[in-house]
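Enquirer: Take this structure first; my questions come after.
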Amino acid sequence: MLMPSIFGENLFDDFFNDFMVPAKPGFAGARPYNGLMKTDVKETDTGFQLDIEMPGYGKEDVQAELKNGYLTISATKKSENDEKDKNGKYLRRERFYGSCSRSFYVGKQVTEEDIKAKFENGILIVTVPKKEDQPKVEEKKYIPIEG
(Lines give C-alpha, C1' and ligand atoms only; values in the text may rest on other atoms or scores of the structure.)
Protein backbone atom coordinates (compact mmCIF):
# COMPACT_ATOMS: atom_id res chain seq x y z
CA MET A 1 0.00 0.00 0.00
CA LEU A 2 1.36 3.43 -0.90
CA MET A 3 1.23 6.25 1.61
CA PRO A 4 0.44 9.82 0.58
CA SER A 5 3.46 12.06 0.10
CA ILE A 6 2.47 14.20 3.09
CA PHE A 7 4.00 11.49 5.31
CA GLY A 8 7.43 11.67 3.64
CA GLU A 9 9.39 8.69 2.37
CA ASN A 10 8.51 6.34 5.19
CA LEU A 11 5.98 7.12 7.86
CA PHE A 12 7.37 4.60 10.35
CA ASP A 13 11.03 5.73 10.16
CA ASP A 14 10.20 9.08 11.74
CA PHE A 15 7.72 7.49 14.13
CA PHE A 16 10.25 5.10 15.64
CA ASN A 17 13.12 7.62 15.61
CA ASP A 18 11.13 9.95 17.85
CA PHE A 19 10.94 7.24 20.51
CA MET A 20 14.33 5.62 20.02
CA VAL A 21 16.46 8.78 20.13
CA PRO A 22 16.43 10.44 23.57
CA ALA A 23 15.77 14.15 23.59
CA LYS A 24 18.18 16.48 25.33
CA PRO A 25 16.92 18.12 28.52
CA GLY A 26 15.19 21.39 27.74
CA PHE A 27 14.80 20.58 24.05
CA ALA A 28 11.59 18.60 23.63
CA GLY A 29 11.86 16.31 20.64
CA ALA A 30 15.36 17.49 19.74
CA ARG A 31 17.55 14.97 17.96
CA PRO A 32 21.32 15.05 17.73
CA TYR A 33 22.75 16.13 14.40
CA ASN A 34 24.91 13.32 13.04
CA GLY A 35 26.59 15.40 10.32
CA LEU A 36 29.37 16.82 12.48
CA MET A 37 32.49 15.21 13.89
CA LYS A 38 32.07 11.83 12.24
CA THR A 39 35.11 9.90 13.43
CA ASP A 40 37.02 6.94 12.06
CA VAL A 41 39.27 5.22 14.61
CA LYS A 42 42.10 3.07 13.28
CA GLU A 43 44.38 0.91 15.38
CA THR A 44 48.03 0.94 14.32
CA ASP A 45 51.04 -0.96 15.64
CA THR A 46 52.01 1.92 17.92
CA GLY A 47 48.67 3.49 18.79
CA PHE A 48 45.40 4.80 17.44
CA GLN A 49 44.58 7.29 14.70
CA LEU A 50 41.38 9.34 14.82
CA ASP A 51 40.18 10.93 11.58
CA ILE A 52 37.55 13.49 12.58
CA GLU A 53 35.52 15.20 9.85
CA MET A 54 35.00 18.89 10.58
CA PRO A 55 33.35 20.46 7.52
CA GLY A 56 33.16 24.24 7.57
CA TYR A 57 35.69 24.62 10.40
CA GLY A 58 39.25 25.87 10.08
CA LYS A 59 42.33 25.05 12.12
CA GLU A 60 41.84 28.19 14.20
CA ASP A 61 38.30 27.07 15.15
CA VAL A 62 39.41 23.73 16.63
CA GLN A 63 40.73 23.04 20.13
CA ALA A 64 42.00 19.81 21.72
CA GLU A 65 42.24 19.30 25.48
CA LEU A 66 43.42 16.37 27.60
CA LYS A 67 41.96 16.15 31.09
CA ASN A 68 41.63 13.17 33.45
CA GLY A 69 42.38 10.70 30.66
CA TYR A 70 39.78 12.16 28.28
CA LEU A 71 40.76 13.81 24.99
CA THR A 72 38.11 16.41 24.14
CA ILE A 73 37.98 17.90 20.66
CA SER A 74 35.82 21.00 20.37
CA ALA A 75 35.14 23.49 17.60
CA THR A 76 33.41 26.86 17.57
CA LYS A 77 32.37 28.83 14.50
CA LYS A 78 31.03 32.34 14.24
CA SER A 79 29.97 33.84 10.93
CA GLU A 80 28.17 37.06 10.10
CA ASN A 81 27.05 38.08 6.62
CA ASP A 82 25.79 41.62 6.24
CA GLU A 83 24.63 43.03 2.92
CA LYS A 84 23.53 46.65 2.79
CA ASP A 85 22.32 48.84 -0.02
CA LYS A 86 23.96 52.19 -0.77
CA ASN A 87 21.73 53.92 1.81
CA GLY A 88 22.95 51.62 4.56
CA LYS A 89 19.71 49.66 4.87
CA TYR A 90 19.95 45.91 5.30
CA LEU A 91 18.90 43.79 2.38
CA ARG A 92 20.01 40.63 4.13
CA ARG A 93 21.65 39.92 7.45
CA GLU A 94 22.53 36.40 8.52
CA ARG A 95 24.37 35.15 11.56
CA PHE A 96 25.60 31.69 12.45
CA TYR A 97 27.05 30.61 15.76
CA GLY A 98 27.81 26.97 16.24
CA SER A 99 29.88 24.68 18.38
CA CYS A 100 30.37 20.97 18.80
CA SER A 101 32.57 18.73 20.90
CA ARG A 102 33.38 15.10 21.33
CA SER A 103 35.39 13.22 23.97
CA PHE A 104 37.44 10.04 23.78
CA TYR A 105 38.93 8.13 26.69
CA VAL A 106 42.66 7.65 25.96
CA GLY A 107 43.86 6.67 29.44
CA LYS A 108 45.38 8.58 32.31
CA GLN A 109 48.92 7.53 31.39
CA VAL A 110 48.82 9.49 28.07
CA THR A 111 50.16 13.07 28.25
CA GLU A 112 49.69 16.11 26.00
CA GLU A 113 53.19 15.63 24.62
CA ASP A 114 52.32 12.10 23.45
CA ILE A 115 49.36 13.19 21.28
CA LYS A 116 49.97 14.58 17.79
CA ALA A 117 47.33 16.39 15.74
CA LYS A 118 47.16 17.98 12.29
CA PHE A 119 44.37 19.59 10.29
CA GLU A 120 44.15 18.82 6.56
CA ASN A 121 41.28 19.56 4.16
CA GLY A 122 38.58 19.73 6.83
CA ILE A 123 39.77 16.58 8.62
CA LEU A 124 41.48 16.61 12.00
CA ILE A 125 43.95 13.73 12.24
CA VAL A 126 44.87 12.84 15.83
CA THR A 127 47.47 10.20 16.72
CA VAL A 128 47.38 8.72 20.21
CA PRO A 129 50.09 6.23 21.26
CA LYS A 130 49.35 2.99 23.07
CA LYS A 131 50.60 3.14 26.62
CA GLU A 132 50.30 0.37 29.11
CA ASP A 133 49.23 1.12 32.64
CA GLN A 134 52.28 1.11 34.83
CA PRO A 135 51.78 -1.45 37.58
CA LYS A 136 51.99 0.15 40.95
CA VAL A 137 54.76 -1.19 43.12
CA GLU A 138 53.23 -2.28 46.35
CA GLU A 139 55.01 -0.62 49.20
CA LYS A 140 55.28 -2.72 52.33
CA LYS A 141 54.38 -0.89 55.46
CA TYR A 142 55.48 -2.35 58.74
CA ILE A 143 53.87 -1.76 62.08
CA PRO A 144 56.37 -1.22 64.86
CA ILE A 145 56.10 -3.69 67.70
CA GLU A 146 56.71 -2.33 71.15
CA GLY A 147 58.17 -4.34 73.96
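How things are named: the first chain in the C-alpha coordinates is A, the next is B, and so on; residues count from 1 in each chain; ligands count from 1 in the order shown.
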So that I can check the surroundings of Arg102 in chain A, please list as a VMD selection string every protein, DNA and RNA residue that reaches within 7 Å of it, counting only C-alpha atoms and ignoring chain neighbours fewer than 6 positions away.

Expert: chain A and resid 72 to 74

Enquirer: Could the residues in this selection be written to a file with C-alpha atoms, as a tab-separated table (two decimals), in the first residue's frame?

Expert:
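Once written, out_12.tsv looks like this:
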chain	number	residue	atom	x	y	z
A	72	THR	CA	38.11	16.41	24.14
A	73	ILE	CA	37.98	17.90	20.66
A	74	SER	CA	35.82	21.00	20.37

Enquirer: Please, what distance in Å, to one decimal, runs between CA of Ile115 in chain A and CA of Thr76 in chain A?

Expert: 21.3 Å

Enquirer: Which of these residues is nearest to Glu53 in chain A, using only C-alpha atoms: A:Leu71, A:Val137, A:Leu66, A:Leu124?

Expert: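 Nearest to Glu53 in chain A: A:Leu124.
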
Enquirer: Could you pull the residues within 12 Å of Met37 in chain A, counting only C-alpha atoms, minus those fewer than 6 positions along the same chain, as a list in words?

Expert: Leu50, Asp51, Ile52, Glu53, Met54, Pro55, Gly56, Tyr57, Val62, Thr72, Ile73, Ser74, Ala75, Ser99, Cys100, Ser101, Arg102, Ser103, Gly122, Ile123, Leu124 and Ile125 of chain A

Enquirer: May I ask for the distance between CA of Glu43 in chain A and CA of Tyr70 in chain A, given in Å to one decimal place?

Expert: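 Value for the CA of Glu43 in chain A-CA of Tyr70 in chain A distance: 17.7 Å.
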
Enquirer: May I ask for the distance between CA of Gly69 in chain A and CA of Gln109 in chain A, given in Å to one decimal place?

Expert: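 Straight-line distance from CA of Gly69 in chain A to CA of Gln109 in chain A works out to 7.3 Å.
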
Enquirer: Counting only C-alpha atoms, figure out which residue out of A:Asn68, A:Thr44, A:Gln49, A:Gln63 gets nearest to Thr111 in chain A.

Expert: A:Asn68
